[in-house]
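Raw contents of my_file_23.cif, mmCIF, C-alpha atoms:
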```cif
data_protein
#
loop_
_atom_site.label_atom_id
_atom_site.label_comp_id
_atom_site.auth_asym_id
_atom_site.auth_seq_id
_atom_site.Cartn_x
_atom_site.Cartn_y
_atom_site.Cartn_z
CA MET A 1 38.94 -61.40 -25.94
CA LEU A 2 37.01 -58.77 -27.90
CA GLU A 3 34.13 -61.20 -28.29
CA ALA A 4 34.01 -61.75 -24.55
CA LEU A 5 34.01 -58.00 -23.94
CA ALA A 6 31.25 -57.49 -26.54
CA GLY A 7 29.19 -60.27 -24.96
CA GLY A 8 29.62 -58.75 -21.54
CA PHE A 9 28.68 -55.32 -22.87
CA ASN A 10 25.57 -56.79 -24.53
CA GLY A 11 24.60 -58.23 -21.18
CA LEU A 12 24.86 -54.79 -19.60
CA ILE A 13 22.71 -53.06 -22.21
CA ALA A 14 20.18 -55.91 -22.59
CA GLY A 15 17.66 -54.06 -20.45
CA PHE A 16 17.76 -51.01 -22.72
CA VAL A 17 17.77 -53.04 -25.94
CA ASN A 18 14.70 -55.01 -24.90
CA LEU A 19 12.77 -52.00 -23.62
CA HIS A 20 9.31 -51.92 -25.16
CA TRP A 21 7.74 -48.45 -25.57
CA SER A 22 5.06 -49.41 -23.05
CA ASN A 23 7.57 -50.15 -20.27
CA PRO A 24 8.67 -46.55 -19.59
CA VAL A 25 5.02 -45.47 -19.75
CA MET A 26 4.12 -48.01 -17.08
CA ILE A 27 7.14 -47.09 -14.98
CA ILE A 28 5.74 -43.54 -14.99
CA VAL A 29 2.32 -44.94 -14.00
CA GLY A 30 4.01 -46.86 -11.18
CA LEU A 31 5.75 -43.67 -10.06
CA LEU A 32 2.41 -41.85 -10.20
CA LEU A 33 0.86 -44.49 -7.92
CA LEU A 34 3.82 -44.07 -5.56
CA TYR A 35 3.30 -40.29 -5.64
CA LEU A 36 -0.41 -40.67 -4.84
CA GLY A 37 0.36 -43.02 -1.97
CA ILE A 38 3.35 -41.18 -0.49
CA LYS A 39 2.61 -37.53 -1.16
CA LYS A 40 -1.19 -37.48 -1.28
CA GLY A 41 -1.80 -40.25 1.25
CA PHE A 42 -4.27 -42.12 -1.01
CA GLU A 43 -4.41 -45.73 0.27
CA PRO A 44 -0.62 -45.74 0.85
CA LEU A 45 -0.58 -49.26 2.28
CA LEU A 46 -1.62 -50.56 -1.12
CA LEU A 47 -0.58 -47.96 -3.64
CA VAL A 48 3.05 -47.98 -2.48
CA PRO A 49 3.62 -51.74 -2.99
CA ILE A 50 1.44 -51.75 -6.14
CA GLY A 51 3.35 -48.79 -7.60
CA PHE A 52 6.71 -50.35 -6.77
CA GLY A 53 5.60 -53.69 -8.20
CA ALA A 54 4.63 -51.87 -11.42
CA VAL A 55 8.09 -50.30 -11.63
CA LEU A 56 9.80 -53.65 -10.99
CA VAL A 57 7.87 -55.64 -13.56
CA ASN A 58 8.45 -53.09 -16.32
CA ILE A 59 12.22 -53.37 -16.16
CA PRO A 60 13.00 -55.79 -18.99
CA MET A 61 15.04 -58.99 -18.72
CA ALA A 62 14.68 -59.23 -14.92
CA GLY A 63 12.23 -62.11 -15.31
CA LEU A 64 10.42 -61.33 -12.07
CA MET A 65 7.11 -62.61 -13.43
CA ASP A 66 8.64 -65.48 -15.44
CA GLU A 67 8.37 -69.03 -14.19
CA GLY A 68 10.43 -69.17 -10.99
CA GLY A 69 10.67 -65.37 -10.64
CA PHE A 70 10.06 -64.16 -7.10
CA LEU A 71 6.99 -62.09 -7.97
CA ARG A 72 5.52 -65.01 -9.94
CA ILE A 73 5.99 -67.28 -6.91
CA ILE A 74 4.20 -64.79 -4.62
CA TYR A 75 1.44 -64.23 -7.21
CA ASP A 76 0.83 -67.93 -7.78
CA ALA A 77 0.90 -68.71 -4.08
CA GLY A 78 -1.40 -65.97 -2.87
CA VAL A 79 -3.40 -64.38 -5.65
CA MET A 80 -4.14 -67.33 -7.92
CA THR A 81 -5.06 -69.46 -4.92
CA GLU A 82 -7.22 -66.53 -3.57
CA LEU A 83 -5.50 -66.85 -0.20
CA PHE A 84 -4.35 -63.23 0.08
CA PRO A 85 -7.77 -61.55 -0.27
CA LEU A 86 -9.27 -64.07 2.14
CA LEU A 87 -6.57 -63.51 4.77
CA ILE A 88 -7.09 -59.76 4.42
CA PHE A 89 -10.77 -60.32 5.04
CA VAL A 90 -10.03 -62.00 8.37
CA GLY A 91 -8.15 -58.82 9.31
CA ILE A 92 -10.95 -56.55 8.08
CA GLY A 93 -13.48 -58.53 10.12
CA ALA A 94 -11.26 -58.22 13.19
CA MET A 95 -11.01 -54.45 12.69
CA THR A 96 -14.68 -53.73 12.00
CA ASP A 97 -17.19 -52.76 14.66
CA PHE A 98 -20.67 -53.68 13.46
CA GLY A 99 -22.18 -52.03 16.55
CA PRO A 100 -23.55 -48.92 14.74
CA LEU A 101 -25.20 -51.18 12.16
CA LEU A 102 -26.75 -53.40 14.83
CA GLU A 103 -28.12 -50.32 16.63
CA ASN A 104 -30.33 -49.70 13.59
CA PRO A 105 -30.52 -52.88 11.46
CA LYS A 106 -32.86 -51.23 8.92
CA ILE A 107 -29.94 -49.31 7.47
CA PHE A 108 -28.54 -52.68 6.37
CA LEU A 109 -30.66 -52.09 3.26
CA LEU A 110 -28.51 -49.10 2.31
CA GLY A 111 -25.61 -51.54 2.11
CA ALA A 112 -27.55 -53.38 -0.61
CA ALA A 113 -28.48 -50.26 -2.59
CA GLY A 114 -24.83 -49.22 -2.51
CA GLN A 115 -23.96 -52.31 -4.56
CA PHE A 116 -26.39 -51.81 -7.42
CA GLY A 117 -23.64 -50.19 -9.49
CA ILE A 118 -22.00 -53.63 -9.72
CA PHE A 119 -24.88 -55.12 -11.65
CA LEU A 120 -25.60 -52.07 -13.81
CA THR A 121 -21.95 -51.85 -14.83
CA LEU A 122 -21.81 -55.57 -15.48
CA ALA A 123 -24.68 -55.17 -17.95
CA LEU A 124 -22.97 -52.19 -19.57
CA ALA A 125 -19.70 -54.13 -19.94
CA LEU A 126 -21.64 -56.90 -21.67
CA ALA A 127 -23.16 -54.35 -24.03
CA LEU A 128 -19.68 -53.06 -24.83
CA GLY A 129 -18.60 -56.50 -25.99
CA PHE A 130 -16.79 -57.94 -22.99
CA THR A 131 -17.35 -61.64 -22.32
CA LYS A 132 -19.64 -62.70 -19.47
CA LEU A 133 -16.76 -63.59 -17.15
CA GLU A 134 -14.87 -60.38 -17.97
CA SER A 135 -18.06 -58.41 -17.30
CA LEU A 136 -18.41 -60.05 -13.86
CA SER A 137 -14.89 -58.92 -13.01
CA ILE A 138 -15.42 -55.38 -14.32
CA GLY A 139 -18.74 -55.01 -12.50
CA ILE A 140 -17.18 -56.09 -9.22
CA ILE A 141 -15.06 -52.90 -9.19
CA GLY A 142 -18.35 -51.36 -8.05
CA ALA A 143 -18.09 -53.32 -4.81
CA CYS A 144 -15.54 -50.63 -3.91
CA ASP A 145 -13.74 -53.41 -2.15
CA GLY A 146 -10.25 -54.39 -3.28
CA PRO A 147 -10.04 -57.93 -1.85
CA THR A 148 -13.48 -58.86 -3.27
CA ALA A 149 -12.52 -57.50 -6.70
CA ILE A 150 -9.26 -59.46 -6.61
CA TYR A 151 -11.00 -62.62 -5.41
CA VAL A 152 -13.54 -62.58 -8.26
CA THR A 153 -11.17 -61.42 -11.00
CA SER A 154 -8.39 -63.88 -10.16
CA GLN A 155 -10.92 -66.70 -10.60
CA TYR A 156 -12.78 -65.59 -13.71
CA ALA A 157 -10.67 -63.11 -15.67
CA PRO A 158 -7.08 -63.20 -14.36
CA HIS A 159 -5.86 -61.32 -17.47
CA LEU A 160 -7.83 -58.27 -16.22
CA LEU A 161 -6.49 -58.45 -12.67
CA GLY A 162 -4.08 -55.51 -13.04
CA ALA A 163 -6.68 -53.12 -14.47
CA VAL A 164 -9.45 -54.21 -12.10
CA SER A 165 -7.40 -54.01 -8.93
CA VAL A 166 -5.76 -50.69 -9.82
CA ALA A 167 -9.22 -49.29 -10.58
CA ALA A 168 -10.73 -50.70 -7.37
CA TYR A 169 -8.04 -49.34 -5.07
CA SER A 170 -7.55 -46.00 -6.83
CA TYR A 171 -11.24 -45.17 -7.00
CA MET A 172 -11.75 -46.29 -3.40
CA SER A 173 -9.23 -43.66 -2.33
CA LEU A 174 -10.99 -41.04 -4.46
CA VAL A 175 -14.36 -41.48 -2.72
CA PRO A 176 -14.02 -38.11 -0.92
CA VAL A 177 -13.55 -36.43 -4.31
CA PHE A 178 -16.41 -37.79 -6.39
CA GLN A 179 -19.11 -38.51 -3.79
CA PRO A 180 -19.95 -34.96 -2.57
CA PRO A 181 -21.09 -33.59 -5.98
CA ILE A 182 -23.36 -36.61 -6.50
CA MET A 183 -24.79 -36.25 -2.98
CA LYS A 184 -25.45 -32.57 -3.56
CA LEU A 185 -27.02 -33.14 -6.95
CA LEU A 186 -29.49 -35.75 -5.71
CA THR A 187 -30.66 -34.18 -2.44
CA THR A 188 -32.40 -30.97 -1.44
CA LYS A 189 -31.00 -28.63 1.21
CA GLU A 190 -33.83 -29.63 3.59
CA GLU A 191 -32.95 -33.32 3.19
CA ARG A 192 -29.26 -32.68 3.85
CA MET A 193 -30.20 -30.85 7.06
CA ILE A 194 -32.22 -33.73 8.57
CA ASN A 195 -30.94 -34.47 12.05
CA MET A 196 -31.09 -38.18 12.88
CA GLY A 197 -30.34 -37.72 16.57
CA THR A 198 -27.75 -39.65 18.54
CA VAL A 199 -27.14 -43.37 18.38
CA LYS A 200 -28.09 -45.00 21.67
CA LYS A 201 -26.10 -47.97 22.91
CA SER A 202 -28.63 -50.80 22.65
CA VAL A 203 -26.77 -53.89 21.49
CA SER A 204 -25.83 -56.65 23.90
CA LYS A 205 -22.54 -58.50 23.71
CA THR A 206 -24.40 -61.72 22.92
CA THR A 207 -26.04 -60.09 19.88
CA LYS A 208 -22.64 -58.91 18.67
CA ILE A 209 -21.29 -62.45 19.00
CA MET A 210 -24.33 -63.97 17.30
CA PHE A 211 -24.17 -61.52 14.37
CA PRO A 212 -21.21 -63.08 12.50
CA LEU A 213 -22.58 -66.58 13.11
CA VAL A 214 -26.05 -65.73 11.80
CA VAL A 215 -24.66 -63.90 8.76
CA THR A 216 -22.33 -66.78 7.92
CA VAL A 217 -25.01 -69.46 8.14
CA ILE A 218 -27.93 -67.60 6.54
CA ALA A 219 -26.03 -65.69 3.83
CA GLY A 220 -23.84 -68.75 3.23
CA MET A 221 -26.92 -70.89 2.63
CA ILE A 222 -28.34 -68.32 0.19
CA ALA A 223 -25.11 -67.64 -1.69
CA PRO A 224 -22.68 -70.49 -1.00
CA ARG A 225 -20.27 -69.52 -3.80
CA GLY A 226 -19.26 -66.48 -1.80
CA LEU A 227 -18.85 -68.29 1.49
CA PRO A 228 -15.03 -67.97 1.52
CA LEU A 229 -15.44 -64.16 1.47
CA LEU A 230 -18.28 -64.06 3.98
CA GLY A 231 -16.81 -66.73 6.22
CA THR A 232 -13.40 -65.07 6.58
CA ILE A 233 -14.72 -61.58 7.33
CA MET A 234 -17.17 -63.03 9.85
CA LEU A 235 -14.50 -65.23 11.44
CA GLY A 236 -12.40 -62.11 12.04
CA ASN A 237 -15.39 -60.32 13.55
CA LEU A 238 -16.33 -63.27 15.77
CA MET A 239 -12.78 -63.36 17.15
CA LYS A 240 -12.99 -59.63 17.90
CA GLU A 241 -16.40 -59.78 19.57
CA CYS A 242 -15.99 -62.96 21.60
CA GLY A 243 -12.93 -61.44 23.28
CA VAL A 244 -11.31 -64.74 24.24
CA VAL A 245 -8.78 -64.95 21.41
CA SER A 246 -7.25 -61.51 21.62
CA ARG A 247 -3.87 -62.81 20.42
CA LEU A 248 -5.45 -64.14 17.23
CA THR A 249 -7.48 -60.96 16.77
CA LYS A 250 -4.41 -58.77 17.16
CA ALA A 251 -2.39 -60.98 14.82
CA SER A 252 -5.17 -60.86 12.22
CA GLU A 253 -5.54 -57.09 12.27
CA ASN A 254 -1.82 -56.38 12.51
CA GLU A 255 0.84 -58.91 11.54
CA ILE A 256 -1.19 -61.09 9.15
CA ALA A 257 -2.98 -58.15 7.50
CA ASN A 258 0.29 -56.21 7.15
CA VAL A 259 2.32 -59.04 5.64
CA VAL A 260 -0.47 -60.07 3.29
CA THR A 261 -1.12 -56.45 2.23
CA LEU A 262 2.54 -56.10 1.27
CA LEU A 263 2.62 -59.36 -0.69
CA LEU A 264 -0.76 -58.71 -2.31
CA GLY A 265 0.18 -55.17 -3.29
CA ILE A 266 3.49 -56.08 -4.86
CA SER A 267 2.06 -59.05 -6.74
CA ILE A 268 -0.84 -56.94 -8.07
CA GLY A 269 1.70 -54.33 -9.18
CA ALA A 270 3.52 -57.12 -10.97
CA THR A 271 0.49 -57.73 -13.19
CA ILE A 272 0.80 -54.21 -14.63
CA ASP A 273 3.29 -55.14 -17.34
CA GLY A 274 3.07 -52.49 -20.05
CA ARG A 275 2.89 -55.03 -22.87
CA VAL A 276 -0.36 -56.48 -21.53
CA PHE A 277 -1.73 -53.49 -19.62
CA LEU A 278 -1.52 -50.66 -22.14
CA LYS A 279 -4.51 -51.47 -24.27
CA TYR A 280 -7.66 -49.68 -25.31
CA GLN A 281 -9.55 -52.29 -23.25
CA THR A 282 -7.82 -51.14 -20.05
CA LEU A 283 -9.04 -47.58 -20.53
CA ILE A 284 -12.61 -48.85 -20.96
CA ILE A 285 -12.27 -50.93 -17.77
CA LEU A 286 -11.00 -47.91 -15.82
CA ALA A 287 -13.92 -45.81 -17.12
CA LEU A 288 -16.46 -48.52 -16.32
CA GLY A 289 -15.00 -48.92 -12.83
CA LEU A 290 -15.42 -45.22 -12.14
CA LEU A 291 -18.97 -45.37 -13.45
CA ALA A 292 -19.69 -48.37 -11.22
CA ILE A 293 -18.65 -46.56 -8.06
CA CYS A 294 -20.58 -43.41 -9.07
CA LEU A 295 -23.68 -45.54 -9.73
CA ASP A 296 -23.28 -47.10 -6.26
CA THR A 297 -23.42 -43.62 -4.74
CA VAL A 298 -26.40 -42.62 -6.89
CA CYS A 299 -28.35 -45.77 -5.97
CA GLY A 300 -27.39 -45.43 -2.28
CA VAL A 301 -28.57 -41.81 -2.05
CA LEU A 302 -31.77 -42.54 -3.99
CA PHE A 303 -32.50 -45.47 -1.68
CA GLY A 304 -31.81 -43.15 1.26
CA LYS A 305 -34.46 -40.80 -0.14
CA LEU A 306 -36.88 -43.70 -0.36
CA MET A 307 -36.14 -44.63 3.26
CA LYS A 308 -36.67 -41.00 4.25
CA VAL A 309 -40.18 -41.15 2.77
CA VAL A 310 -40.98 -44.52 4.36
CA THR A 311 -39.75 -43.41 7.80
CA HIS A 312 -41.56 -40.04 7.52
CA GLY A 313 -38.38 -37.99 7.38
CA LYS A 314 -36.33 -39.75 10.06
CA ILE A 315 -33.54 -40.83 7.70
CA ASN A 316 -31.13 -38.32 6.17
CA PRO A 317 -30.65 -39.50 2.54
CA LEU A 318 -26.97 -38.52 2.68
CA ILE A 319 -26.19 -41.65 4.71
CA GLY A 320 -27.16 -43.68 1.64
CA ALA A 321 -23.85 -42.61 0.10
CA ALA A 322 -22.08 -44.48 2.91
CA GLY A 323 -23.69 -47.78 1.86
CA ILE A 324 -20.53 -48.66 -0.09
CA SER A 325 -17.58 -50.63 1.16
CA ALA A 326 -15.00 -47.82 1.35
CA TYR A 327 -14.73 -47.87 5.15
CA PRO A 328 -14.58 -45.50 6.95
CA MET A 329 -13.97 -42.91 4.20
CA ALA A 330 -17.55 -42.87 2.91
CA ALA A 331 -18.94 -42.37 6.44
CA ARG A 332 -16.57 -39.45 7.03
CA VAL A 333 -17.65 -37.85 3.75
CA VAL A 334 -21.30 -38.07 4.87
CA GLN A 335 -20.49 -36.53 8.25
CA ARG A 336 -18.61 -33.66 6.59
CA GLU A 337 -21.34 -32.99 4.02
CA GLY A 338 -24.10 -33.16 6.65
CA GLN A 339 -22.31 -30.63 8.86
CA LYS A 340 -21.91 -28.21 5.98
CA TYR A 341 -25.66 -27.63 6.04
CA ASN A 342 -26.45 -28.19 9.72
CA ARG A 343 -23.65 -27.63 12.19
CA ARG A 344 -25.51 -29.59 14.88
CA ASN A 345 -25.89 -32.61 12.66
CA TYR A 346 -23.83 -35.64 13.75
CA LEU A 347 -24.40 -38.25 11.08
CA LEU A 348 -21.13 -40.10 11.64
CA MET A 349 -22.42 -43.06 13.67
CA HIS A 350 -25.45 -43.52 11.41
CA ALA A 351 -23.17 -43.35 8.38
CA MET A 352 -20.78 -45.83 10.04
CA GLY A 353 -23.74 -48.19 10.34
CA ALA A 354 -24.52 -47.83 6.64
CA ASN A 355 -20.82 -48.14 5.83
CA THR A 356 -20.39 -51.42 7.71
CA GLY A 357 -23.64 -52.53 6.05
CA GLY A 358 -21.90 -51.68 2.78
CA GLN A 359 -18.96 -53.87 3.74
CA VAL A 360 -21.22 -56.85 4.30
CA GLY A 361 -23.29 -55.79 1.27
CA SER A 362 -20.30 -55.76 -1.09
CA VAL A 363 -19.23 -59.23 -0.04
CA LEU A 364 -22.79 -60.44 -0.23
CA ALA A 365 -23.35 -58.88 -3.66
CA ALA A 366 -20.28 -60.75 -4.93
CA ALA A 367 -21.53 -63.94 -3.29
CA VAL A 368 -25.00 -63.53 -4.79
CA MET A 369 -23.53 -62.74 -8.21
CA LEU A 370 -21.28 -65.82 -8.17
CA SER A 371 -24.08 -68.07 -6.96
CA VAL A 372 -26.54 -66.75 -9.57
CA VAL A 373 -24.00 -67.12 -12.35
CA ASN A 374 -23.15 -70.60 -11.11
CA GLY A 375 -26.84 -71.45 -11.11
CA MET A 376 -27.05 -70.27 -14.73
CA GLY A 377 -24.24 -72.69 -15.58
CA ILE A 378 -21.84 -69.95 -16.69
CA ILE A 379 -19.11 -70.80 -14.17
CA MET B 1 -27.91 -73.78 -25.41
CA PRO B 2 -25.65 -70.88 -24.32
CA MET B 3 -27.43 -67.83 -22.91
CA ASP B 4 -27.23 -64.64 -25.00
CA ASN B 5 -25.77 -61.49 -23.48
CA LEU B 6 -29.07 -59.58 -23.32
CA THR B 7 -30.84 -62.34 -21.38
CA PHE B 8 -27.80 -62.75 -19.14
CA GLY B 9 -27.53 -58.99 -18.49
CA ILE B 10 -31.20 -58.54 -17.59
CA SER B 11 -31.25 -61.71 -15.47
CA ILE B 12 -28.14 -60.75 -13.51
CA ILE B 13 -29.49 -57.23 -12.82
CA ILE B 14 -32.79 -58.61 -11.50
CA MET B 15 -31.33 -61.57 -9.61
CA GLY B 16 -28.24 -59.73 -8.37
CA MET B 17 -29.96 -56.61 -7.08
CA GLY B 18 -32.99 -58.52 -5.85
CA GLY B 19 -30.91 -61.26 -4.23
CA THR B 20 -28.61 -58.82 -2.44
CA LEU B 21 -31.49 -56.66 -1.21
CA LEU B 22 -33.56 -59.65 -0.12
CA THR B 23 -30.67 -61.30 1.73
CA LEU B 24 -29.78 -58.10 3.58
CA TRP B 25 -33.44 -57.52 4.42
CA ILE B 26 -33.67 -61.04 5.89
CA LEU B 27 -30.47 -60.39 7.85
CA SER B 28 -31.80 -57.07 9.14
CA LEU B 29 -34.95 -58.82 10.38
CA LEU B 30 -32.82 -61.46 12.08
CA MET B 31 -30.76 -58.72 13.74
CA ILE B 32 -33.94 -57.11 15.07
CA LEU B 33 -35.00 -60.52 16.37
CA LEU B 34 -31.61 -61.12 17.97
CA LYS B 35 -31.82 -57.76 19.74
CA LYS B 36 -35.20 -58.78 21.14
CA ILE B 37 -33.98 -62.21 22.28
CA PHE B 38 -30.78 -60.82 23.81
CA PRO B 39 -31.71 -57.31 24.95
CA TYR B 40 -29.12 -54.83 26.09
CA LYS B 41 -28.98 -54.51 29.86
CA GLU B 42 -26.77 -51.66 30.93
CA GLU B 43 -25.63 -53.14 34.24
CA ASN B 44 -24.84 -56.58 32.84
CA GLU B 45 -22.95 -55.15 29.88
CA GLU B 46 -20.92 -52.85 32.09
CA ASN B 47 -20.04 -55.74 34.39
CA LYS B 48 -18.93 -57.82 31.41
CA GLU B 49 -16.79 -54.98 30.14
CA ALA B 50 -15.28 -54.45 33.60
CA LYS B 51 -14.35 -58.13 33.81
#
```
Show me this structure written as structure tokens.
Amino acid sequence: MLEALAGGFNGLIAGFVNLHWSNPVMIIVGLLLLYLGIKKGFEPLLLVPIGFGAVLVNIPMAGLMDEGGFLRIIYDAGVMTELFPLLIFVGIGAMTDFGPLLENPKIFLLGAAGQFGIFLTLALALALGFTKLESLSIGIIGACDGPTAIYVTSQYAPHLLGAVSVAAYSYMSLVPVFQPPIMKLLTTKEERMINMGTVKKSVSKTTKIMFPLVVTVIAGMIAPRGLPLLGTIMLGNLMKECGVVSRLTKASENEIANVVTLLLGISIGATIDGRVFLKYQTLIILALGLLAICLDTVCGVLFGKLMKVVTHGKINPLIGAAGISAYPMAARVVQREGQKYNRRNYLLMHAMGANTGGQVGSVLAAAVMLSVVNGMGII
Amino acid sequence: MPMDNLTFGISIIIMGMGGTLLTLWILSLLMILLKKIFPYKEENEENKEAK
């Protein structure tokens, strides 16, 4: 009788007995993510499920990420197979209007400059002793694009998935905080005041329909390893622009994107187990991720300055900061900063063009990186 | 023979940045071409939207 009672009591305190010091720390981190999402409104759609997943997985003896655990099933089904990020991309494509970019295709180049941080950080990670595949995954934080970061990391360094995805999503939400000082530091007052005029409607419906097809075929031929990323975002956009499959478009941008975001968020949170997450290496990854996104902004603004010179002052270099994938936050930051110095300056649509260019650019940079690395025989 | 980290780092910077920039430049040229082949006509577009 006493033995049975003792056994039962042991079962009740097993969670406390098996608590590793790192678990309460990570529960606090999970709560912090929840606070940022709920109270501060930073990427709540992702930070809330990620934060809750982090709390769940750090409660010992629940076995949620053990073989057969419900979080493990979701993770294996959607993250390891890369299905979740790809399905989210269909939704992103269906939500994105590439019109402002097509009005002025030259600003597509800002979407390339805004990805340079990926490659610079990759090289720095290599110098710090990370393996080549780990460095690819760390560099991709600079894409400022959660699904792309998850897609690459789940393939080549799944043990870094927690750190990489937390960094990607957290820093993406902090774009309005760290971009303005960089923009101010790299531009003169005269440059920030440049008025780019209004965006005229000059794109036909046929061009908008052709755009996703051309991008898929041409970019897919150049960088076939990234075709799943490119193809899904462009499929979503084609559905939106052709206008004949509105049910599919609505499902992609609402139901599918919502369900997948929930499952992706909670399964990413489940990778933040204190025993594997709380390492010196994680801190380095978080620091490198921040550096990557700052370098993107630096390269984007500097490229904007170059375009200003080439176009004889018609381009405001601030829009270079929008050449990253954080859509539409980066464009809004540019609009706000531009108006601080010239109240009549409406940079929003130009910045939206650069920002959508950044969305394609981030996917393309990942595709190019994977194809180059594949060509080198590393993957 | 496996590639050392220095060679890999320099190669990926050159190929990655160059490849991304080049691909987007090609795409921007194609977009300009597409706009010329299928120009925007206000009346036609408005009719399409009305339909």
Which is closer to Pro24 (chain A) than all the others in A:Asn58, A:Thr121, A:Asn10, A:Ser362, using all atoms listed in the file?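 Closest to Pro24 (chain A) of all the choices is A:Asn58.
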Quick one: which residues end up in the PyMOL selection byres ((chain A) within 8 of (chain B)) for this structure, as a PyMOL selection string? chain A and resi 102+105-106+108-109+111-113+115-116+119-120+122-123+126-127+132+202-207+210-211+214-215+218-219+222+361+364-365+368-369+372-373
Enclose the full set of atoms of region 121-140 of chain A listed in the file within a box whose edges lie along x, y and z, apply 3 Å of padding to each of the six sides, and report centre and edge lengths in Å to one decimal as AutoDock Vina command-line options.
```
--center_x -19.8 --center_y -57.7 --center_z -17.6 --size_x 15.8 --size_y 17.7 --size_z 22.8
```
Separation of CA of Ile285 (chain A) from CA of Asn23 (chain A) in Å: 20.0 Å
Could you pull the residues within 8 Å of Leu161 (chain A), counting all atoms listed in the file, minus those fewer than 3 positions along the same chain, as a ChimeraX atom specification? /A:150,153-154,157-158,164-165,268,271
Residues within 6 Å of region 87-89 of chain A, please, as a ChimeraX atom specification. Count all atoms listed in the file; anything in the same chain fewer than 2 positions from it doesn't count. /A:84-85,91-92,232-233,257
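Interatomic distance, CA of Val276 (chain A) to CA of Met80 (chain A): 17.8 Å.
Near Gln359 (chain A), within a cut-off of 8 Å and counting all atoms listed in the file, sit the residues Gly111, Asp145, Gly323, Ile324, Ser325, Ala326 and Tyr327 of chain A, with same-chain residues fewer than 6 positions away left out.
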In the coordinates of the file, take the point (-17.7, -63.3, 19.3) and a cut-off of 6 Å; then, counting all atoms listed in the file, name each qualifying protein, DNA or RNA residue as a PyMOL selection string. chain A and resi 209+238-239+241-242
Any idea what the distance is between CA of Met234 (chain A) and CA of Thr216 (chain A)?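 It comes out at 6.7 Å.
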Selection in question (the file shown): the PyMOL selection byres ((chain A and resi 96) around 12). Which residues does it include, as a VMD selection string? chain A and resid 89 to 95 97 to 101 208 212 233 to 241 249 252 to 253 325 327 to 328 352 to 353 355 to 360
Just so the selection is clear, what residues does the PyMOL selection byres ((chain A and resi 26-28) around 7) cover here, as a list of chain:residue names?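 Going through the file, the PyMOL selection byres ((chain A and resi 26-28) around 7) ends up selecting A:Ser22, A:Asn23, A:Pro24, A:Val25, A:Val29, A:Gly30, A:Leu31, A:Leu32, A:Ala54, A:Val55, A:Asn58, A:Gly274.
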Non-local contacts of Ile50 (chain A) (9 Å; all atoms listed in the file; under 6 positions in same chain excluded) as a VMD selection string: chain A and resid 30 33 to 34 166 262 264 to 270 272
Mind completing region 349-360 of chain A with N, CA and C atoms? Output as a PDB file, in the frame of the given file, please?
```pdb
ATOM      1  N   MET A 349     -22.130 -41.699  13.212  1.00  0.00           N
ATOM      2  CA  MET A 349     -22.420 -43.060  13.670  1.00  0.00           C
ATOM      3  C   MET A 349     -23.476 -43.728  12.792  1.00  0.00           C
ATOM      4  N   HIS A 350     -24.450 -42.945  12.324  1.00  0.00           N
ATOM      5  CA  HIS A 350     -25.450 -43.520  11.410  1.00  0.00           C
ATOM      6  C   HIS A 350     -24.768 -43.927  10.103  1.00  0.00           C
ATOM      7  N   ALA A 351     -23.879 -43.047   9.634  1.00  0.00           N
ATOM      8  CA  ALA A 351     -23.170 -43.350   8.380  1.00  0.00           C
ATOM      9  C   ALA A 351     -22.236 -44.541   8.565  1.00  0.00           C
ATOM     10  N   MET A 352     -21.643 -44.666   9.756  1.00  0.00           N
ATOM     11  CA  MET A 352     -20.780 -45.830  10.040  1.00  0.00           C
ATOM     12  C   MET A 352     -21.613 -47.113   9.940  1.00  0.00           C
ATOM     13  N   GLY A 353     -22.851 -47.035  10.439  1.00  0.00           N
ATOM     14  CA  GLY A 353     -23.740 -48.190  10.340  1.00  0.00           C
ATOM     15  C   GLY A 353     -23.976 -48.569   8.892  1.00  0.00           C
ATOM     16  N   ALA A 354     -24.295 -47.559   8.069  1.00  0.00           N
ATOM     17  CA  ALA A 354     -24.520 -47.830   6.640  1.00  0.00           C
ATOM     18  C   ALA A 354     -23.246 -48.328   5.982  1.00  0.00           C
ATOM     19  N   ASN A 355     -22.109 -47.780   6.423  1.00  0.00           N
ATOM     20  CA  ASN A 355     -20.820 -48.140   5.830  1.00  0.00           C
ATOM     21  C   ASN A 355     -20.437 -49.589   6.134  1.00  0.00           C
ATOM     22  N   THR A 356     -20.672 -50.013   7.386  1.00  0.00           N
ATOM     23  CA  THR A 356     -20.390 -51.420   7.710  1.00  0.00           C
ATOM     24  C   THR A 356     -21.406 -52.318   7.008  1.00  0.00           C
ATOM     25  N   GLY A 357     -22.643 -51.792   6.851  1.00  0.00           N
ATOM     26  CA  GLY A 357     -23.640 -52.530   6.050  1.00  0.00           C
ATOM     27  C   GLY A 357     -23.142 -52.684   4.623  1.00  0.00           C
ATOM     28  N   GLY A 358     -22.471 -51.635   4.124  1.00  0.00           N
ATOM     29  CA  GLY A 358     -21.900 -51.680   2.780  1.00  0.00           C
ATOM     30  C   GLY A 358     -20.788 -52.706   2.669  1.00  0.00           C
ATOM     31  N   GLN A 359     -20.035 -52.860   3.757  1.00  0.00           N
ATOM     32  CA  GLN A 359     -18.960 -53.870   3.740  1.00  0.00           C
ATOM     33  C   GLN A 359     -19.546 -55.259   3.596  1.00  0.00           C
ATOM     34  N   VAL A 360     -20.564 -55.546   4.407  1.00  0.00           N
ATOM     35  CA  VAL A 360     -21.220 -56.850   4.300  1.00  0.00           C
ATOM     36  C   VAL A 360     -21.919 -56.932   2.940  1.00  0.00           C
TER      37      VAL A 360
END
```
